>>> print(open('run-v5.cif').read())   # mmCIF, N, CA and C atoms
data_structure
#
loop_
_atom_site.label_atom_id
_atom_site.label_comp_id
_atom_site.auth_asym_id
_atom_site.auth_seq_id
_atom_site.Cartn_x
_atom_site.Cartn_y
_atom_site.Cartn_z
N MET A 63 94.87 40.06 2.27
CA MET A 63 96.30 39.82 2.16
C MET A 63 96.87 39.66 3.57
N PHE A 64 97.51 38.54 3.81
CA PHE A 64 98.11 38.28 5.11
C PHE A 64 99.60 38.62 5.10
N ASN A 65 100.08 39.18 6.21
CA ASN A 65 101.51 39.35 6.36
C ASN A 65 102.07 38.08 6.99
N LEU A 66 103.36 38.08 7.35
CA LEU A 66 103.96 36.87 7.90
C LEU A 66 103.23 36.39 9.14
N ALA A 67 102.86 37.31 10.03
CA ALA A 67 102.13 36.91 11.24
C ALA A 67 100.77 36.33 10.88
N GLY A 68 100.13 36.87 9.85
CA GLY A 68 98.84 36.36 9.42
C GLY A 68 98.94 34.98 8.82
N HIS A 69 100.00 34.72 8.04
CA HIS A 69 100.18 33.40 7.44
C HIS A 69 100.50 32.36 8.50
N ALA A 70 101.17 32.76 9.57
CA ALA A 70 101.55 31.82 10.62
C ALA A 70 100.37 31.51 11.55
N ALA A 71 99.36 32.37 11.56
CA ALA A 71 98.21 32.19 12.45
C ALA A 71 97.14 31.33 11.78
N THR A 72 96.25 30.79 12.59
CA THR A 72 95.12 30.07 12.02
C THR A 72 94.27 31.06 11.23
N LEU A 73 93.54 30.56 10.25
CA LEU A 73 92.78 31.43 9.36
C LEU A 73 91.78 32.30 10.12
N ASN A 74 91.20 31.79 11.18
CA ASN A 74 90.19 32.55 11.93
C ASN A 74 90.77 33.20 13.18
N ALA A 75 92.06 33.54 13.18
CA ALA A 75 92.73 34.10 14.36
C ALA A 75 92.34 35.55 14.66
N ALA A 76 91.83 36.28 13.68
CA ALA A 76 91.53 37.71 13.89
C ALA A 76 90.48 37.89 14.98
N THR A 77 90.78 38.78 15.93
CA THR A 77 89.86 39.07 17.03
C THR A 77 89.39 40.52 17.01
N GLN A 78 90.02 41.35 16.15
CA GLN A 78 89.63 42.75 16.03
C GLN A 78 89.77 43.20 14.59
N LEU A 79 88.97 44.19 14.24
CA LEU A 79 89.03 44.82 12.93
C LEU A 79 89.33 46.30 13.10
N SER A 80 90.04 46.88 12.13
CA SER A 80 90.28 48.32 12.10
C SER A 80 89.93 48.84 10.72
N LEU A 81 89.68 50.13 10.59
CA LEU A 81 89.35 50.75 9.31
C LEU A 81 90.50 51.64 8.87
N HIS A 82 90.80 51.59 7.55
CA HIS A 82 91.93 52.33 7.01
C HIS A 82 91.52 53.07 5.74
N SER A 83 92.04 54.28 5.58
CA SER A 83 91.73 55.08 4.39
C SER A 83 92.60 54.67 3.21
N SER A 84 93.83 54.21 3.47
CA SER A 84 94.71 53.73 2.40
C SER A 84 95.28 52.37 2.80
N ASN A 85 95.94 51.73 1.87
CA ASN A 85 96.44 50.38 2.08
C ASN A 85 97.36 50.33 3.29
N PRO A 86 97.01 49.54 4.32
CA PRO A 86 97.85 49.47 5.52
C PRO A 86 99.12 48.65 5.33
N GLY A 87 99.22 47.93 4.23
CA GLY A 87 100.44 47.19 3.92
C GLY A 87 100.51 45.85 4.61
N LEU A 88 101.63 45.18 4.38
CA LEU A 88 101.82 43.83 4.91
C LEU A 88 102.98 43.73 5.89
N GLY A 89 103.51 44.87 6.33
CA GLY A 89 104.59 44.85 7.31
C GLY A 89 104.10 44.43 8.68
N VAL A 90 105.01 44.43 9.64
CA VAL A 90 104.66 44.06 11.01
C VAL A 90 103.66 45.04 11.60
N SER A 91 103.80 46.32 11.25
CA SER A 91 102.87 47.35 11.71
C SER A 91 102.19 47.95 10.49
N PRO A 92 100.88 48.25 10.60
CA PRO A 92 100.20 48.84 9.45
C PRO A 92 100.67 50.28 9.22
N ALA A 93 100.54 50.72 7.98
CA ALA A 93 100.84 52.12 7.66
C ALA A 93 99.92 53.02 8.48
N ALA A 94 100.29 54.27 8.61
CA ALA A 94 99.53 55.22 9.44
C ALA A 94 98.28 55.70 8.72
N SER A 95 97.42 54.78 8.34
CA SER A 95 96.20 55.18 7.63
C SER A 95 94.94 54.79 8.37
N GLU A 96 95.09 54.32 9.62
CA GLU A 96 93.90 53.93 10.39
C GLU A 96 93.12 55.18 10.78
N LEU A 97 91.79 55.09 10.69
CA LEU A 97 90.96 56.20 11.13
C LEU A 97 91.21 56.46 12.61
N SER A 98 91.03 57.71 13.03
CA SER A 98 91.34 58.02 14.43
C SER A 98 90.37 58.98 15.08
N ASP A 99 89.49 59.59 14.31
CA ASP A 99 88.61 60.61 14.89
C ASP A 99 87.45 59.97 15.64
N ALA A 100 87.22 60.43 16.88
CA ALA A 100 86.14 59.91 17.72
C ALA A 100 84.80 60.04 16.99
N PRO A 101 83.94 59.09 17.15
CA PRO A 101 83.93 57.99 18.12
C PRO A 101 84.54 56.69 17.59
N TYR A 102 85.30 56.75 16.48
CA TYR A 102 85.88 55.53 15.90
C TYR A 102 86.76 54.81 16.90
N SER A 103 86.70 53.48 16.89
CA SER A 103 87.63 52.62 17.62
C SER A 103 87.61 51.25 16.96
N ARG A 104 88.67 50.49 17.16
CA ARG A 104 88.70 49.12 16.66
C ARG A 104 87.56 48.34 17.30
N LYS A 105 87.10 47.31 16.57
CA LYS A 105 85.97 46.52 17.05
C LYS A 105 86.33 45.04 17.11
N ALA A 106 85.76 44.37 18.10
CA ALA A 106 85.93 42.93 18.24
C ALA A 106 85.21 42.21 17.11
N CYS A 107 85.75 41.05 16.73
CA CYS A 107 85.12 40.24 15.69
C CYS A 107 85.40 38.77 15.97
N THR A 108 84.61 37.93 15.32
CA THR A 108 84.82 36.49 15.39
C THR A 108 84.62 35.92 14.00
N PHE A 109 85.59 35.13 13.55
CA PHE A 109 85.46 34.40 12.30
C PHE A 109 85.23 32.93 12.64
N ALA A 110 84.36 32.29 11.88
CA ALA A 110 84.05 30.88 12.10
C ALA A 110 85.27 30.02 11.79
N ALA A 111 85.25 28.80 12.29
CA ALA A 111 86.30 27.85 11.97
C ALA A 111 86.36 27.66 10.46
N PRO A 112 87.54 27.54 9.90
CA PRO A 112 87.66 27.39 8.45
C PRO A 112 87.06 26.07 7.96
N VAL A 113 86.50 26.13 6.76
CA VAL A 113 86.00 24.94 6.08
C VAL A 113 86.61 24.91 4.69
N MET A 114 86.79 23.73 4.16
CA MET A 114 87.36 23.59 2.82
C MET A 114 86.27 23.77 1.77
N ASN A 115 86.58 24.55 0.76
CA ASN A 115 85.72 24.74 -0.40
C ASN A 115 86.61 24.43 -1.61
N GLY A 116 86.66 23.17 -1.99
CA GLY A 116 87.62 22.75 -3.01
C GLY A 116 89.02 22.80 -2.42
N ALA A 117 89.93 23.53 -3.06
CA ALA A 117 91.31 23.66 -2.58
C ALA A 117 91.50 24.91 -1.73
N VAL A 118 90.41 25.59 -1.38
CA VAL A 118 90.48 26.85 -0.65
C VAL A 118 89.85 26.69 0.73
N ALA A 119 90.57 27.12 1.76
CA ALA A 119 89.99 27.18 3.11
C ALA A 119 89.31 28.53 3.26
N GLU A 120 88.09 28.52 3.78
CA GLU A 120 87.31 29.75 3.96
C GLU A 120 86.85 29.87 5.40
N SER A 121 86.91 31.09 5.93
CA SER A 121 86.44 31.39 7.28
C SER A 121 85.57 32.63 7.18
N VAL A 122 84.30 32.49 7.53
CA VAL A 122 83.35 33.60 7.37
C VAL A 122 83.21 34.39 8.68
N LEU A 123 82.95 35.68 8.53
CA LEU A 123 82.68 36.54 9.68
C LEU A 123 81.38 36.09 10.33
N SER A 124 81.38 35.93 11.65
CA SER A 124 80.22 35.35 12.34
C SER A 124 79.05 36.31 12.51
N ALA A 125 79.31 37.61 12.58
CA ALA A 125 78.24 38.61 12.76
C ALA A 125 78.70 39.94 12.20
N ASN A 126 77.75 40.79 11.81
CA ASN A 126 78.10 42.13 11.34
C ASN A 126 78.91 42.86 12.41
N VAL A 127 79.86 43.69 11.96
CA VAL A 127 80.64 44.53 12.87
C VAL A 127 80.40 45.98 12.47
N THR A 128 79.87 46.78 13.40
CA THR A 128 79.49 48.16 13.11
C THR A 128 80.45 49.14 13.78
N PHE A 129 80.97 50.05 12.97
CA PHE A 129 81.87 51.10 13.45
C PHE A 129 81.12 52.43 13.43
N ASP A 130 81.17 53.18 14.52
CA ASP A 130 80.66 54.54 14.54
C ASP A 130 81.74 55.47 14.00
N LEU A 131 81.37 56.37 13.10
CA LEU A 131 82.31 57.30 12.49
C LEU A 131 81.99 58.73 12.90
N SER A 132 82.97 59.60 12.76
CA SER A 132 82.82 61.01 13.09
C SER A 132 81.68 61.63 12.29
N LEU A 133 80.93 62.50 12.93
CA LEU A 133 79.85 63.22 12.25
C LEU A 133 80.33 64.51 11.62
N THR A 134 81.53 64.98 12.00
CA THR A 134 81.99 66.29 11.54
C THR A 134 83.13 66.23 10.55
N ILE A 135 83.79 65.09 10.43
CA ILE A 135 84.94 64.95 9.54
C ILE A 135 84.62 63.87 8.51
N ASP A 136 84.78 64.19 7.22
CA ASP A 136 84.59 63.19 6.18
C ASP A 136 85.64 62.10 6.37
N GLN A 137 85.23 60.84 6.27
CA GLN A 137 86.17 59.74 6.45
C GLN A 137 86.05 58.76 5.30
N THR A 138 87.20 58.32 4.81
CA THR A 138 87.25 57.38 3.70
C THR A 138 87.68 56.02 4.23
N VAL A 139 86.91 54.99 3.85
CA VAL A 139 87.23 53.61 4.24
C VAL A 139 87.49 52.81 2.97
N ASN A 140 88.73 52.34 2.83
CA ASN A 140 89.08 51.53 1.67
C ASN A 140 89.65 50.16 2.04
N PHE A 141 90.06 49.98 3.30
CA PHE A 141 90.64 48.72 3.74
C PHE A 141 90.22 48.42 5.18
N ILE A 142 90.20 47.13 5.52
CA ILE A 142 89.89 46.68 6.87
C ILE A 142 91.11 45.92 7.38
N GLY A 143 91.67 46.37 8.51
CA GLY A 143 92.80 45.69 9.12
C GLY A 143 92.34 44.52 9.96
N LEU A 144 93.15 43.46 9.99
CA LEU A 144 92.88 42.25 10.78
C LEU A 144 93.89 42.17 11.91
N TRP A 145 93.42 41.95 13.12
CA TRP A 145 94.27 41.93 14.31
C TRP A 145 93.97 40.70 15.16
N ALA A 146 95.01 40.12 15.74
CA ALA A 146 94.88 39.10 16.80
C ALA A 146 95.47 39.76 18.04
N GLY A 147 94.60 40.34 18.86
CA GLY A 147 95.08 41.14 19.98
C GLY A 147 95.83 42.34 19.44
N SER A 148 97.10 42.50 19.80
CA SER A 148 97.90 43.63 19.33
C SER A 148 98.76 43.27 18.11
N THR A 149 98.60 42.06 17.58
CA THR A 149 99.39 41.63 16.42
C THR A 149 98.61 41.89 15.14
N TYR A 150 99.20 42.68 14.27
CA TYR A 150 98.60 42.98 12.97
C TYR A 150 98.81 41.78 12.05
N LEU A 151 97.70 41.27 11.48
CA LEU A 151 97.75 40.07 10.63
C LEU A 151 97.73 40.38 9.14
N GLY A 152 97.18 41.52 8.75
CA GLY A 152 97.04 41.86 7.34
C GLY A 152 95.75 42.64 7.13
N TYR A 153 95.22 42.59 5.92
CA TYR A 153 94.03 43.39 5.62
C TYR A 153 93.14 42.68 4.60
N ILE A 154 91.91 43.17 4.51
CA ILE A 154 90.98 42.77 3.46
C ILE A 154 90.39 44.05 2.86
N VAL A 155 89.85 43.92 1.66
CA VAL A 155 89.21 45.05 1.00
C VAL A 155 87.70 44.82 1.06
N PRO A 156 86.95 45.73 1.70
CA PRO A 156 85.50 45.53 1.79
C PRO A 156 84.81 45.85 0.47
N ASN A 157 83.60 45.37 0.33
CA ASN A 157 82.85 45.65 -0.89
C ASN A 157 82.13 47.00 -0.83
N ASN A 158 82.15 47.67 0.31
CA ASN A 158 81.46 48.94 0.47
C ASN A 158 82.45 50.08 0.77
N THR A 159 83.54 50.14 0.00
CA THR A 159 84.52 51.20 0.20
C THR A 159 83.92 52.55 -0.19
N GLY A 160 84.54 53.62 0.29
CA GLY A 160 84.09 54.95 -0.11
C GLY A 160 84.27 55.97 0.98
N THR A 161 83.87 57.20 0.66
CA THR A 161 83.97 58.31 1.61
C THR A 161 82.62 58.51 2.27
N TYR A 162 82.64 58.62 3.58
CA TYR A 162 81.43 58.81 4.36
C TYR A 162 81.40 60.27 4.79
N SER A 163 80.41 61.00 4.28
CA SER A 163 80.31 62.44 4.52
C SER A 163 78.85 62.83 4.58
N GLY A 164 78.62 64.09 4.81
CA GLY A 164 77.26 64.60 4.85
C GLY A 164 77.08 65.55 6.01
N SER A 165 75.96 66.22 6.02
CA SER A 165 75.67 67.15 7.10
C SER A 165 74.25 66.89 7.59
N ASN A 166 73.92 67.48 8.71
CA ASN A 166 72.59 67.31 9.31
C ASN A 166 72.25 65.85 9.54
N ILE A 167 73.21 65.09 10.07
CA ILE A 167 72.97 63.70 10.38
C ILE A 167 73.23 63.46 11.86
N THR A 168 72.67 62.42 12.39
CA THR A 168 72.88 62.10 13.80
C THR A 168 73.68 60.82 13.98
N THR A 169 73.83 60.04 12.89
CA THR A 169 74.60 58.79 12.95
C THR A 169 75.34 58.60 11.64
N ARG A 170 76.59 58.20 11.74
CA ARG A 170 77.36 57.81 10.56
C ARG A 170 78.10 56.53 10.95
N GLN A 171 77.82 55.45 10.20
CA GLN A 171 78.40 54.16 10.55
C GLN A 171 78.93 53.45 9.31
N PHE A 172 79.92 52.61 9.55
CA PHE A 172 80.44 51.70 8.53
C PHE A 172 80.20 50.29 9.05
N VAL A 173 79.58 49.44 8.24
CA VAL A 173 79.25 48.08 8.66
C VAL A 173 80.05 47.08 7.83
N VAL A 174 80.77 46.21 8.52
CA VAL A 174 81.42 45.08 7.87
C VAL A 174 80.38 43.96 7.90
N ASN A 175 79.89 43.60 6.73
CA ASN A 175 78.76 42.69 6.60
C ASN A 175 79.21 41.24 6.68
N ALA A 176 78.62 40.50 7.61
CA ALA A 176 78.98 39.09 7.79
C ALA A 176 78.64 38.25 6.57
N SER A 177 77.59 38.61 5.85
CA SER A 177 77.18 37.78 4.72
C SER A 177 78.11 37.91 3.51
N THR A 178 78.97 38.93 3.50
CA THR A 178 79.86 39.13 2.36
C THR A 178 81.34 39.16 2.74
N THR A 179 81.66 38.88 4.01
CA THR A 179 83.05 38.97 4.48
C THR A 179 83.57 37.61 4.88
N LYS A 180 84.64 37.17 4.19
CA LYS A 180 85.28 35.91 4.56
C LYS A 180 86.77 36.01 4.26
N LEU A 181 87.51 35.23 5.01
CA LEU A 181 88.95 35.10 4.81
C LEU A 181 89.19 33.80 4.05
N THR A 182 90.12 33.83 3.11
CA THR A 182 90.41 32.61 2.35
C THR A 182 91.91 32.38 2.30
N ARG A 183 92.28 31.12 2.18
CA ARG A 183 93.68 30.76 2.04
C ARG A 183 93.78 29.55 1.14
N THR A 184 94.70 29.61 0.19
CA THR A 184 94.94 28.46 -0.70
C THR A 184 96.34 27.91 -0.45
N ASN A 185 96.61 26.76 -0.97
CA ASN A 185 97.91 26.13 -0.81
C ASN A 185 98.78 26.29 -2.04
N VAL A 186 98.64 27.42 -2.76
CA VAL A 186 99.46 27.64 -3.95
C VAL A 186 100.60 28.57 -3.64
#
>>> encode(input="run-v5.cif", output="structure tokens")
Amino acid sequence: MFNLAGHAATLNAATQLSLHSSNPGLGVSPAASELSDAPYSRKACTFAAPVMNGAVAESVLSANVTFDLSLTIDQTVNFIGLWAGSTYLGYIVPNNTGTYSGSNITTRQFVVNASTTKLTRTNV
């Protein structure tokens, strides 16, 4: 879902992704649901140039984007924020939502998979 800034931008304008536990919304600024516990941080991303698939323009994520998550705090990921620099463009819903928890682990990561992540826009 794109907000006004996202609709005004090219389909592949997103340069960063963020992770959110609840719907960040479509306002100018996302709701306060972005993960914040170290070592989490926003990650750079690249979407390919859009191509037409019938009446739909599609832009696919060029490579997997891996986020490191806290090992001590359970974290829930339900939405991915889209950013062009410091401008919030909107969000997408990943296919691997859920709560990341556990003990006796040395790594906890959330991966945005390039093979299943694309942005789409129609002219309706």
>>> resolve_selection(input="run-v5.cif", expression="the PyMOL selection byres (((chain A and resi 91-105 and name CA) around 7) and name CA)", output="compact mmCIF listing (two decimals) with N, CA and C atoms, in the frame of the given file")
# COMPACT_ATOMS: atom_id res chain seq x y z
N GLN A 78 90.02 41.35 16.15
CA GLN A 78 89.63 42.75 16.03
C GLN A 78 89.77 43.20 14.59
N LEU A 79 88.97 44.19 14.24
CA LEU A 79 89.03 44.82 12.93
C LEU A 79 89.33 46.30 13.10
N SER A 80 90.04 46.88 12.13
CA SER A 80 90.28 48.32 12.10
C SER A 80 89.93 48.84 10.72
N LEU A 81 89.68 50.13 10.59
CA LEU A 81 89.35 50.75 9.31
C LEU A 81 90.50 51.64 8.87
N HIS A 82 90.80 51.59 7.55
CA HIS A 82 91.93 52.33 7.01
C HIS A 82 91.52 53.07 5.74
N SER A 83 92.04 54.28 5.58
CA SER A 83 91.73 55.08 4.39
C SER A 83 92.60 54.67 3.21
N SER A 84 93.83 54.21 3.47
CA SER A 84 94.71 53.73 2.40
C SER A 84 95.28 52.37 2.80
N PRO A 86 97.01 49.54 4.32
CA PRO A 86 97.85 49.47 5.52
C PRO A 86 99.12 48.65 5.33
N GLY A 87 99.22 47.93 4.23
CA GLY A 87 100.44 47.19 3.92
C GLY A 87 100.51 45.85 4.61
N LEU A 88 101.63 45.18 4.38
CA LEU A 88 101.82 43.83 4.91
C LEU A 88 102.98 43.73 5.89
N GLY A 89 103.51 44.87 6.33
CA GLY A 89 104.59 44.85 7.31
C GLY A 89 104.10 44.43 8.68
N VAL A 90 105.01 44.43 9.64
CA VAL A 90 104.66 44.06 11.01
C VAL A 90 103.66 45.04 11.60
N ALA A 106 85.76 44.37 18.10
CA ALA A 106 85.93 42.93 18.24
C ALA A 106 85.21 42.21 17.11
N CYS A 107 85.75 41.05 16.73
CA CYS A 107 85.12 40.24 15.69
C CYS A 107 85.40 38.77 15.97
N PHE A 129 80.97 50.05 12.97
CA PHE A 129 81.87 51.10 13.45
C PHE A 129 81.12 52.43 13.43
N ASP A 130 81.17 53.18 14.52
CA ASP A 130 80.66 54.54 14.54
C ASP A 130 81.74 55.47 14.00
N LEU A 131 81.37 56.37 13.10
CA LEU A 131 82.31 57.30 12.49
C LEU A 131 81.99 58.73 12.90
N SER A 132 82.97 59.60 12.76
CA SER A 132 82.82 61.01 13.09
C SER A 132 81.68 61.63 12.29
N TYR A 150 99.20 42.68 14.27
CA TYR A 150 98.60 42.98 12.97
C TYR A 150 98.81 41.78 12.05
>>> resolve_selection(input="run-v5.cif", expression="the PyMOL selection byres (((chain A and resi 120 and name CA) around 9) and name CA)", output="list in words")
Leu73, Asn74, Ala110, Ala111, Pro112, Val113, Met114, Asn115, Val118, Ala119, Ser121, Val122, Lys180, Leu181, Thr182 and Arg183 of chain A
>>> closest_residue(input="run-v5.cif", among="A:Val139, A:Leu151, A:Met63, A:Ala146", to="A:Thr77", atoms="all atoms listed in the file")
A:Ala146
>>> atom_distance(input="run-v5.cif", atom1="atom N of A:Gly143", atom2="atom CA of A:Thr72")
17.0 Å
>>> resolve_selection(input="run-v5.cif", expression="the PyMOL selection byres (((chain A and resi 175 and name CA) around 8) and name CA)", output="CSV table (one decimal) with N, CA and C atoms, keeping the file's coordinate frame")
chain,number,residue,atom,x,y,z
A,123,LEU,N,83.0,35.7,8.5
A,123,LEU,CA,82.7,36.5,9.7
A,123,LEU,C,81.4,36.1,10.3
A,125,ALA,N,79.3,37.6,12.6
A,125,ALA,CA,78.2,38.6,12.8
A,125,ALA,C,78.7,39.9,12.2
A,126,ASN,N,77.8,40.8,11.8
A,126,ASN,CA,78.1,42.1,11.3
A,126,ASN,C,78.9,42.9,12.4
A,127,VAL,N,79.9,43.7,12.0
A,127,VAL,CA,80.6,44.5,12.9
A,127,VAL,C,80.4,46.0,12.5
A,173,VAL,N,79.6,49.4,8.2
A,173,VAL,CA,79.2,48.1,8.7
A,173,VAL,C,80.0,47.1,7.8
A,174,VAL,N,80.8,46.2,8.5
A,174,VAL,CA,81.4,45.1,7.9
A,174,VAL,C,80.4,44.0,7.9
A,176,ALA,N,78.6,40.5,7.6
A,176,ALA,CA,79.0,39.1,7.8
A,176,ALA,C,78.6,38.2,6.6
A,177,SER,N,77.6,38.6,5.8
A,177,SER,CA,77.2,37.8,4.7
A,177,SER,C,78.1,37.9,3.5
A,178,THR,N,79.0,38.9,3.5
A,178,THR,CA,79.9,39.1,2.4
A,178,THR,C,81.3,39.2,2.7
A,179,THR,N,81.7,38.9,4.0
A,179,THR,CA,83.0,39.0,4.5
A,179,THR,C,83.6,37.6,4.9
>>> select_by_dssp(input="run-v5.cif", residues="chain A", states="helix (DSSP H, G or I)", output="VMD selection string")
chain A and resid 66 to 70
>>> atom_distance(input="run-v5.cif", atom1="atom N of A:Thr169", atom2="atom N of A:Asn157")
21.6 Å
>>> select_by_dssp(input="run-v5.cif", residues="chain A", states="strand (DSSP E or B)", output="PyMOL selection string")
chain A and resi 64+78-82+96+105-106+109+113-115+118-123+127-130+137-139+141-146+149-154+160-162+171-174+180-184
>>> atom_distance(input="run-v5.cif", atom1="atom CA of A:Thr168", atom2="atom CA of A:Asp136")
14.0 Å
>>> residues_near_point(input="run-v5.cif", point="(80.6, 66.3, 2.5)", cutoff="12 Å", atoms="only C-alpha atoms", output="ChimeraX atom specification")
/A:133-138,161-167
>>> closest_residue(input="run-v5.cif", among="A:Ser124, A:Thr184, A:Asn140, A:Ser148", to="A:Gly160", atoms="only N, CA and C atoms")
A:Asn140
